[in-house]
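> mmCIF, C-alpha atoms, saved as start.cif, coming up:
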data_my_file
#
loop_
_atom_site.label_atom_id
_atom_site.label_comp_id
_atom_site.auth_asym_id
_atom_site.auth_seq_id
_atom_site.Cartn_x
_atom_site.Cartn_y
_atom_site.Cartn_z
CA MET A 1 -43.00 12.04 -22.68
CA ASP A 2 -39.39 11.82 -23.87
CA GLU A 3 -36.56 14.18 -22.97
CA ASN A 4 -36.96 16.29 -26.13
CA ALA A 5 -40.64 16.79 -25.40
CA VAL A 6 -39.83 17.86 -21.84
CA ARG A 7 -37.33 20.44 -23.08
CA SER A 8 -39.89 21.68 -25.60
CA LEU A 9 -42.43 22.09 -22.81
CA LEU A 10 -39.88 24.01 -20.77
CA GLY A 11 -39.43 26.38 -23.66
CA GLN A 12 -43.16 26.91 -24.03
CA LEU A 13 -43.68 27.56 -20.34
CA ALA A 14 -40.80 30.01 -20.29
CA ASP A 15 -43.00 32.35 -22.32
CA THR A 16 -45.87 32.30 -19.83
CA GLY A 17 -46.74 35.26 -17.62
CA GLY A 18 -45.46 36.02 -14.15
CA PRO A 19 -46.82 34.66 -10.88
CA PRO A 20 -49.78 36.09 -9.00
CA SER A 21 -49.19 39.04 -6.73
CA SER A 22 -50.22 37.67 -3.36
CA VAL A 23 -49.25 34.85 -1.04
CA ASP A 24 -49.83 33.76 2.52
CA VAL A 25 -46.34 34.58 3.75
CA GLU A 26 -46.52 32.67 7.00
CA LYS A 27 -47.60 29.51 5.16
CA ALA A 28 -44.87 29.96 2.61
CA LYS A 29 -42.30 30.56 5.33
CA ARG A 30 -43.34 27.35 7.04
CA ALA A 31 -43.22 25.48 3.73
CA GLY A 32 -39.77 26.79 2.92
CA LEU A 33 -38.36 26.00 6.34
CA ARG A 34 -40.16 22.67 6.37
CA ARG A 35 -38.57 21.85 3.05
CA LEU A 36 -35.11 22.15 4.58
CA LEU A 37 -36.12 19.84 7.43
CA LEU A 38 -37.51 17.31 4.99
CA ARG A 39 -34.27 17.30 3.04
CA ARG A 40 -32.09 16.96 6.13
CA LEU A 41 -34.12 14.67 8.35
CA GLY A 42 -36.90 13.09 6.34
CA ALA A 43 -40.57 13.75 6.93
CA PRO A 44 -41.68 14.92 10.38
CA ALA A 45 -44.24 12.93 12.32
CA ALA A 46 -47.14 15.29 11.66
CA SER A 47 -50.82 14.54 11.42
CA LEU A 48 -53.20 15.68 8.71
CA GLY A 49 -54.80 17.90 11.29
CA ALA A 50 -53.45 19.45 14.45
CA ILE A 51 -50.97 17.56 16.61
CA VAL A 52 -52.27 17.52 20.15
CA LEU A 53 -49.61 17.63 22.86
CA VAL A 54 -50.57 15.92 26.08
CA ALA A 55 -48.35 15.97 29.16
CA GLY A 56 -45.29 16.39 26.99
CA LEU A 57 -46.31 13.59 24.62
CA VAL A 58 -47.52 13.85 21.06
CA ALA A 59 -51.02 12.46 21.02
CA ARG A 60 -50.57 11.13 17.51
CA GLY A 61 -47.53 9.47 19.06
CA ALA A 62 -45.05 9.23 16.19
CA ILE A 63 -41.50 8.61 17.38
CA PRO A 64 -38.97 8.17 14.59
CA LEU A 65 -36.66 5.21 14.95
CA GLY A 66 -34.63 5.72 11.83
CA VAL A 67 -34.98 8.04 8.87
CA GLY A 68 -33.91 7.05 5.40
CA SER A 69 -32.82 9.31 2.58
CA ASN A 70 -34.50 9.81 -0.75
CA ALA A 71 -31.20 10.58 -2.43
CA GLY A 72 -30.58 6.96 -3.40
CA ILE A 73 -34.00 6.67 -5.00
CA ALA A 74 -33.74 9.68 -7.29
CA SER A 75 -31.84 7.82 -10.01
CA GLN A 76 -34.07 4.74 -10.05
CA ALA A 77 -36.57 3.78 -12.75
CA THR A 78 -39.82 5.70 -13.00
CA VAL A 79 -43.39 4.78 -13.89
CA ARG A 80 -46.24 6.91 -15.20
CA MET A 81 -48.75 8.08 -12.60
CA THR A 82 -52.50 8.46 -12.99
CA ASP A 83 -54.14 11.87 -12.82
CA ALA A 84 -55.51 11.04 -9.37
CA GLU A 85 -52.07 10.07 -8.10
CA VAL A 86 -50.48 13.22 -9.51
CA ALA A 87 -53.19 15.30 -7.83
CA VAL A 88 -52.53 13.71 -4.43
CA LEU A 89 -48.77 14.01 -4.83
CA THR A 90 -48.66 17.64 -5.86
CA ASN A 91 -51.76 18.93 -4.06
CA SER A 92 -52.70 20.50 -7.38
CA GLY A 93 -55.97 18.64 -7.73
CA ARG A 94 -56.71 17.78 -4.14
CA ASN A 95 -59.68 19.45 -2.56
CA PRO A 96 -58.50 21.32 0.55
CA ARG A 97 -62.08 21.35 1.81
CA ALA A 98 -62.13 17.53 1.60
CA LEU A 99 -58.86 17.25 3.52
CA ALA A 100 -60.25 19.55 6.19
CA GLN A 101 -63.43 17.48 6.36
CA ILE A 102 -61.41 14.31 6.95
CA ASN A 103 -59.36 15.93 9.70
CA ASN A 104 -62.41 17.42 11.38
CA ALA A 105 -64.24 14.11 11.30
CA VAL A 106 -61.33 12.50 13.15
CA GLU A 107 -61.39 15.31 15.70
CA VAL A 108 -65.13 14.95 16.33
CA LEU A 109 -64.79 11.19 16.78
CA VAL A 110 -61.98 11.69 19.29
CA GLN A 111 -64.12 14.18 21.18
CA ARG A 112 -67.10 11.80 21.32
CA CYS A 113 -64.93 8.93 22.44
CA MET A 114 -63.30 10.97 25.21
CA LYS A 115 -66.68 12.24 26.39
CA SER A 116 -67.90 8.64 26.67
CA ARG A 117 -64.92 8.00 28.96
CA GLY A 118 -65.67 10.99 31.14
CA PHE A 119 -63.10 13.43 29.77
CA LYS A 120 -63.12 16.67 27.85
CA TYR A 121 -61.45 16.98 24.48
CA TYR A 122 -61.21 20.18 22.48
CA PRO A 123 -61.22 19.45 18.73
CA VAL A 124 -58.75 21.39 16.62
CA PHE A 125 -60.70 22.03 13.44
CA MET A 126 -59.02 22.89 10.17
CA SER A 127 -60.35 25.04 7.35
CA ALA A 128 -59.81 24.55 3.63
CA ALA A 129 -57.28 27.39 3.77
CA ASP A 130 -55.32 25.55 6.48
CA GLU A 131 -55.05 22.42 4.35
CA GLY A 132 -54.29 23.95 0.95
CA GLY A 133 -51.14 24.84 -0.94
CA TYR A 134 -48.26 22.58 0.00
CA PRO A 135 -45.87 21.54 -1.60
CA GLY A 136 -45.71 24.69 -3.69
CA LEU A 137 -42.87 24.99 -6.19
CA ALA A 138 -39.78 22.88 -5.53
CA GLY A 139 -36.89 24.98 -4.31
CA VAL A 140 -38.68 28.32 -4.81
CA PRO A 141 -40.94 29.08 -1.81
CA GLN A 142 -41.28 32.72 -2.90
CA ALA A 143 -42.64 31.83 -6.34
CA PRO A 144 -46.24 33.10 -5.83
CA ILE A 145 -45.26 36.64 -4.78
CA GLY A 146 -45.64 39.20 -7.56
CA LEU A 147 -43.64 42.35 -8.22
CA ALA A 148 -46.15 44.85 -6.81
CA ALA A 149 -46.33 42.98 -3.51
CA ARG A 150 -42.55 42.81 -3.30
CA GLU A 151 -42.13 46.50 -4.01
CA ALA A 152 -44.58 47.26 -1.19
CA ASN A 153 -43.66 44.66 1.43
CA GLY A 154 -40.81 42.52 0.17
CA TYR A 155 -41.63 38.92 0.98
CA GLY A 156 -43.81 39.98 3.90
CA PHE A 157 -41.33 38.82 6.53
CA SER A 158 -41.13 42.20 8.25
CA ARG A 159 -44.68 42.39 9.51
CA PRO A 160 -45.20 41.18 13.10
CA MET A 161 -46.59 37.69 13.44
CA ARG A 162 -50.22 37.49 14.48
CA ALA A 163 -51.30 35.57 17.56
CA LYS A 164 -52.85 32.79 15.46
CA GLU A 165 -49.61 32.37 13.55
CA ARG A 166 -47.55 32.22 16.73
CA SER A 167 -49.82 29.53 18.14
CA TYR A 168 -49.45 27.55 14.89
CA GLY A 169 -45.81 27.03 15.78
CA GLY A 170 -46.76 25.55 19.13
CA GLN A 171 -45.45 28.42 21.24
CA ALA A 172 -48.51 28.39 23.49
CA PRO A 173 -49.95 25.31 25.22
CA SER A 174 -53.17 24.00 23.73
CA ARG A 175 -56.44 23.71 25.65
CA ASN A 176 -55.98 19.93 25.67
CA GLU A 177 -52.49 20.32 27.09
CA LYS A 178 -53.77 22.51 29.90
CA TYR A 179 -56.65 20.14 30.63
CA ALA A 180 -54.36 17.11 30.64
CA LYS A 181 -52.28 18.61 33.43
CA THR A 182 -55.31 18.65 35.70
CA ALA A 183 -56.91 15.41 34.45
CA GLY A 184 -53.80 13.32 35.04
CA ARG A 185 -52.50 10.06 33.67
CA GLN A 186 -55.92 8.53 33.09
CA TYR A 187 -56.62 11.24 30.52
CA VAL A 188 -53.49 10.30 28.56
CA LEU A 189 -54.40 6.61 28.67
CA ALA A 190 -57.92 7.32 27.46
CA LEU A 191 -56.66 9.51 24.66
CA GLN A 192 -53.75 7.46 23.34
CA GLY A 193 -53.56 4.19 25.26
CA SER A 194 -50.40 2.84 26.83
CA THR A 195 -46.92 2.26 25.45
CA LYS A 196 -47.75 -1.39 24.75
CA ASP A 197 -50.35 -0.21 22.22
CA ARG A 198 -47.73 1.29 19.90
CA VAL A 199 -47.70 0.22 16.26
CA SER A 200 -44.43 0.11 14.30
CA PHE A 201 -44.14 1.20 10.68
CA THR A 202 -41.65 1.48 7.83
CA PHE A 203 -42.49 3.81 5.00
CA PRO A 204 -41.01 5.40 1.88
CA GLY A 205 -37.32 6.10 1.76
CA GLY A 206 -36.64 3.80 4.71
CA MET A 207 -38.29 6.02 7.31
CA SER A 208 -39.43 3.95 10.26
CA GLY A 209 -40.89 4.55 13.67
CA SER A 210 -43.83 3.78 15.90
CA VAL A 211 -47.13 5.48 16.59
CA ILE A 212 -49.78 5.31 19.26
CA GLY A 213 -52.17 2.48 18.47
CA GLY A 214 -54.59 2.74 21.37
CA GLY A 215 -57.05 5.11 22.99
CA CYS A 216 -59.57 7.40 21.37
CA VAL A 217 -57.10 8.79 18.84
CA ALA A 218 -56.38 5.38 17.33
CA ALA A 219 -60.07 4.46 17.42
CA ALA A 220 -60.93 7.56 15.39
CA GLN A 221 -58.09 6.87 12.95
CA ARG A 222 -59.31 3.33 12.36
CA ARG A 223 -62.87 4.55 11.82
CA ILE A 224 -61.86 7.09 9.18
CA TYR A 225 -58.77 5.58 7.58
CA GLY A 226 -59.35 1.86 8.11
CA SER A 227 -56.21 1.40 10.22
CA VAL A 228 -53.65 3.34 12.21
CA LEU A 229 -51.00 2.58 9.60
CA ASN A 230 -53.22 3.97 6.86
CA ASP A 231 -53.48 7.17 8.88
CA VAL A 232 -49.70 7.35 9.18
CA LEU A 233 -49.25 6.89 5.43
CA ALA A 234 -51.84 9.60 4.77
CA THR A 235 -49.98 12.04 7.03
CA THR A 236 -46.33 11.35 7.77
CA GLY A 237 -45.91 9.09 4.74
CA SER A 238 -47.41 11.65 2.37
CA ASP A 239 -44.79 14.16 3.46
CA GLU A 240 -42.07 11.68 2.59
CA LEU A 241 -43.58 11.05 -0.83
CA THR A 242 -43.74 14.78 -1.45
CA ALA A 243 -40.15 15.17 -0.27
CA TYR A 244 -39.09 12.59 -2.84
CA LEU A 245 -40.84 14.51 -5.59
CA LEU A 246 -39.19 17.77 -4.59
CA ASP A 247 -35.80 16.06 -4.38
CA THR A 248 -36.12 14.66 -7.89
CA VAL A 249 -36.94 18.13 -9.20
CA THR A 250 -34.02 19.82 -7.45
CA ALA A 251 -31.68 17.00 -8.50
CA ASP A 252 -32.54 17.48 -12.18
CA PRO A 253 -29.64 19.04 -14.17
CA ALA A 254 -32.11 21.49 -15.70
CA PHE A 255 -32.97 22.74 -12.19
CA SER A 256 -29.30 23.22 -11.29
CA ALA A 257 -28.71 25.05 -14.55
CA VAL A 258 -31.54 27.55 -14.17
CA VAL A 259 -30.78 28.14 -10.49
CA GLY A 260 -27.13 28.70 -11.38
CA ARG A 261 -28.17 31.39 -13.85
CA TRP A 262 -30.44 32.94 -11.23
CA SER A 263 -27.60 32.94 -8.66
CA SER A 264 -25.21 34.59 -11.13
CA CYS A 265 -27.81 37.27 -11.86
CA MET A 266 -28.30 37.92 -8.14
CA ALA A 267 -24.55 38.11 -7.55
CA GLY A 268 -24.30 40.71 -10.28
CA LEU A 269 -26.75 42.81 -8.28
CA GLY A 270 -24.80 42.37 -5.05
CA PHE A 271 -26.80 39.51 -3.47
CA ASN A 272 -24.88 36.29 -2.91
CA TYR A 273 -27.25 33.35 -2.54
CA SER A 274 -26.75 29.87 -3.95
CA THR A 275 -30.46 29.12 -4.40
CA PRO A 276 -33.84 30.85 -4.00
CA GLU A 277 -34.55 28.54 -1.06
CA ASN A 278 -31.29 29.56 0.61
CA LEU A 279 -32.25 33.21 0.16
CA TRP A 280 -35.75 32.64 1.52
CA ASN A 281 -34.73 30.81 4.68
CA THR A 282 -31.63 32.87 5.43
CA LEU A 283 -33.38 36.20 5.07
CA ALA A 284 -36.47 35.05 6.96
CA GLU A 285 -34.31 33.95 9.88
CA ARG A 286 -32.39 37.24 9.93
CA ILE A 287 -35.55 39.32 9.88
CA ASP A 288 -37.27 37.18 12.52
CA ARG A 289 -34.35 38.01 14.83
CA ASN A 290 -34.14 41.67 13.96
CA HIS A 291 -37.21 43.62 12.81
CA THR A 292 -35.74 47.02 11.89
CA PRO A 293 -36.43 49.58 9.15
CA ALA A 294 -33.05 48.77 7.64
CA MET A 295 -33.92 45.08 7.41
CA ARG A 296 -37.25 45.92 5.82
CA THR A 297 -35.47 48.01 3.20
CA LEU A 298 -33.03 45.16 2.56
CA GLU A 299 -35.91 42.71 2.26
CA ILE A 300 -37.66 44.82 -0.37
CA ARG A 301 -34.46 45.35 -2.37
CA THR A 302 -33.61 41.66 -2.23
CA SER A 303 -37.09 40.45 -3.16
CA VAL A 304 -37.34 42.79 -6.15
CA ALA A 305 -33.90 41.72 -7.37
CA ASP A 306 -34.95 38.11 -6.89
CA TYR A 307 -38.08 38.67 -8.95
CA ARG A 308 -36.23 40.32 -11.80
CA CYS A 309 -33.51 37.68 -11.91
CA ALA A 310 -36.08 34.88 -11.78
CA GLY A 311 -37.87 36.46 -14.72
CA SER A 312 -34.71 37.00 -16.74
CA VAL A 313 -33.76 33.30 -16.57
CA ALA A 314 -37.35 31.90 -16.70
CA LEU A 315 -36.86 30.29 -13.28
CA ILE A 316 -40.49 29.76 -12.29
CA PRO A 317 -41.87 28.36 -15.55
CA THR A 318 -38.82 26.10 -15.87
CA VAL A 319 -39.18 24.65 -12.38
CA ARG A 320 -42.96 24.39 -12.79
CA ALA A 321 -42.49 22.30 -15.95
CA LEU A 322 -39.88 20.11 -14.27
CA GLN A 323 -42.16 19.50 -11.30
CA ALA A 324 -45.07 18.57 -13.55
CA HIS A 325 -42.84 16.11 -15.41
CA HIS A 326 -41.38 14.46 -12.31
CA ALA A 327 -44.83 14.16 -10.71
CA ARG A 328 -46.11 12.37 -13.79
CA TYR A 329 -43.09 10.05 -13.98
CA TYR A 330 -42.58 9.02 -10.37
CA GLY A 331 -40.02 6.65 -8.91
CA ARG A 332 -40.98 2.99 -9.28
CA ALA A 333 -39.73 2.23 -5.76
CA LEU A 334 -42.37 4.52 -4.23
CA ALA A 335 -45.16 4.29 -6.80
CA GLY A 336 -46.97 1.60 -4.83
CA TYR A 337 -47.06 3.80 -1.74
CA LEU A 338 -48.47 6.68 -3.77
CA ALA A 339 -51.18 4.47 -5.30
CA LYS A 340 -52.12 3.24 -1.83
CA LEU A 341 -52.17 6.78 -0.44
CA THR A 342 -54.54 7.83 -3.23
CA ARG A 343 -56.93 5.00 -2.33
CA ILE A 344 -56.67 5.75 1.39
CA GLU A 345 -57.59 9.41 0.94
CA ALA A 346 -60.55 8.55 -1.28
CA ARG A 347 -61.82 6.05 1.29
CA ALA A 348 -61.31 8.44 4.20
CA LEU A 349 -63.35 11.15 2.52
CA LYS A 350 -66.14 8.71 1.71
CA VAL A 351 -66.30 7.54 5.33
CA ALA A 352 -66.12 11.08 6.70
CA LYS A 353 -69.04 12.14 4.50
CA ALA A 354 -71.09 9.06 5.42
CA LEU A 355 -70.85 9.91 9.12
CA HIS A 356 -72.91 13.08 8.52
CA LEU A 357 -71.13 14.82 11.35
CA HIS A 358 -72.15 18.34 12.29
CA LEU A 359 -68.82 20.03 11.61
CA PRO A 360 -67.98 23.73 11.86
CA SER A 361 -68.59 25.74 8.69
CA LYS A 362 -65.08 27.16 8.46
CA ARG A 363 -64.11 28.12 4.92
#
Just dump the structure as structure tokens.

Amino acid sequence: MDENAVRSLLGQLADTGGPPSSVDVEKAKRAGLRRLLLRRLGAPAASLGAIVLVAGLVARGAIPLGVGSNAGIASQATVRMTDAEVAVLTNSGRNPRALAQINNAVEVLVQRCMKSRGFKYYPVFMSAADEGGYPGLAGVPQAPIGLAAREANGYGFSRPMRAKERSYGGQAPSRNEKYAKTAGRQYVLALQGSTKDRVSFTFPGGMSGSVIGGGCVAAAQRRIYGSVLNDVLATTGSDELTAYLLDTVTADPAFSAVVGRWSSCMAGLGFNYSTPENLWNTLAERIDRNHTPAMRTLEIRTSVADYRCAGSVALIPTVRALQAHHARYYGRALAGYLAKLTRIEARALKVAKALHLHLPSKR
């Protein structure tokens, strides 16, 4: 697709309807805040499923040694991606239920392994809802929220966080953490091996580090993914690949132009924000610190103004078209990693299904 065709597509999408009227606000808040971290620091060392903290250590064991930047890659040559690769990159065609099944298979294997060594392990199962949605729309975390929802609740920041959502952020110790304190050092060794078992890696954008390569966690990773490094690429590495995609979208002159028009519109209404993402994270942080009726009123006013300005400049359809284009024409420097990630995920799902594990029926 040449540049003229892209611009034509942008024009067509600008005439499409508005976004849906509902969104999981806590997920979107995490995605928006996570996006800032990805831009500043590179991808976090997160697993596909839950990260289990044991005696102050991350059971998946990723310790970054040096984080590269995607900025230098954004201007490099691109290659056309397959439909399967685009689906993995954007999450648009991935099956959240399949991702949850892979994670849950790993968790069950860890539990069985730990039981064989005389220890308890409490699997942290994921549902399809837990695995779906990210990366959303580059630079516009509030994109899915419709006008009616904003007029009623703003972005949804003002409602108190539920217990499940608080625990998602790691504010409370997990059952495994509590058990590890009583089980002692042998539990940690059985779960993740010793420091000599660590495996080093270097992945997209120059990000490097080391991960736990021993114990029951690594054994489960090898069973499902084929190797510990494959597991890292499917988790931490996939975040870096997504971060690159989002960076290429937000670095596009067309993105800067439409966001500039949005910002000017907002300023005309008395709201000074440089980008929708800046608005989202700044306001969320303010409201998290100060839940008051006045802040709720401000949130509703701001979100409605944001919606109207986004509509007046065709922000969402423009960014959606840009993201679709940049996902299809991905950077040559990282295309090999994306192709490998696509194969790894397909293999992991096949293995997880072949195990015929009795997993929870969470939907």
> Here is a test: counting only C-alpha atoms, which residue of A:Ala143, A:Ala105, A:Gln323, A:Asp83 is nearest to Thr242 (chain A)?
A:Gln323
> Which residue, A:Ser227, A:Gln221, A:Ser127, A:Gln142, has the smallest gap to Glu107 (chain A) when you use all atoms listed in the file?
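Closest candidate: A:Gln221.
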> Looking at all atoms listed in the file, which of A:Ala234, A:Val124, A:Val249, A:Val217 is the one that sits closest to Leu109 (chain A)?
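Ranked by minimum distance to Leu109 (chain A), first place goes to A:Val217.
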> Take the PyMOL selection byres ((chain A and resi 295-305) around 12), apply it to the structure above, and return the hits as number ranges by chain.
A: 142-143, 145-160, 262-273, 276, 279-280, 282-294, 306-312
> Which residue is closest to Asp231 (chain A)? Choose from A:Val106, A:Leu246, A:Ala190, A:Ala352 and count all atoms listed in the file.
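Going through A:Val106, A:Leu246, A:Ala190, A:Ala352 one by one, the smallest distance to Asp231 (chain A) is for A:Val106.
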> Mind working out the centre and edge lengths of an axis-aligned box for region 246-249 of chain A, all listed atoms inside, 4 Å added to each side, rounded to one decimal in Å and written as lines of an AutoDock Vina configuration file?

center_x = -37.5
center_y = 16.4
center_z = -6.8
size_x = 11.4
size_y = 11.5
size_z = 12.8
> So the first atom is CA of Gly184 (chain A) and the second is CA of Gly209 (chain A); what is the distance between them in Å, to one decimal place?
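About the pair CA of Gly184 (chain A) and CA of Gly209 (chain A): they are 26.5 Å apart.
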> Using only C-alpha atoms, which of the listed residues (A:Ile102, A:Val258, A:Leu341, A:Met81) sits closest to Leu357 (chain A)?
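Residue with the minimum atom-to-atom distance to Leu357 (chain A): A:Ile102.
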> At what distance in Å, to one decimal, does CA of Leu89 (chain A) lie from CA of Asn104 (chain A)?
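CA of Asn104 (chain A) sits 21.5 Å away from CA of Leu89 (chain A).
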> I'd like the interatomic distance between CA of Ile344 (chain A) and CA of Tyr329 (chain A), to a tenth of an Å.
21.0 Å
> When distances are computed from all atoms listed in the file, which of A:Ala77, A:Val140, A:Val319, A:Val110 shows the smallest separation from Asn281 (chain A)?
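Ranking A:Ala77, A:Val140, A:Val319, A:Val110 by distance to Asn281 (chain A), first place goes to A:Val140.
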> Let me know the residues the PyMOL selection byres ((chain A and resi 216) around 6) catches in the file above, as a PDB file with C-alpha atoms, keeping the file's coordinate frame.

ATOM      1  CA  VAL A 110     -61.980  11.690  19.290  1.00  0.00           C
ATOM      2  CA  CYS A 113     -64.930   8.930  22.440  1.00  0.00           C
ATOM      3  CA  LEU A 191     -56.660   9.510  24.660  1.00  0.00           C
ATOM      4  CA  GLY A 215     -57.050   5.110  22.990  1.00  0.00           C
ATOM      5  CA  VAL A 217     -57.100   8.790  18.840  1.00  0.00           C
ATOM      6  CA  ALA A 218     -56.380   5.380  17.330  1.00  0.00           C
ATOM      7  CA  ALA A 219     -60.070   4.460  17.420  1.00  0.00           C
TER       8      ALA A 219
END
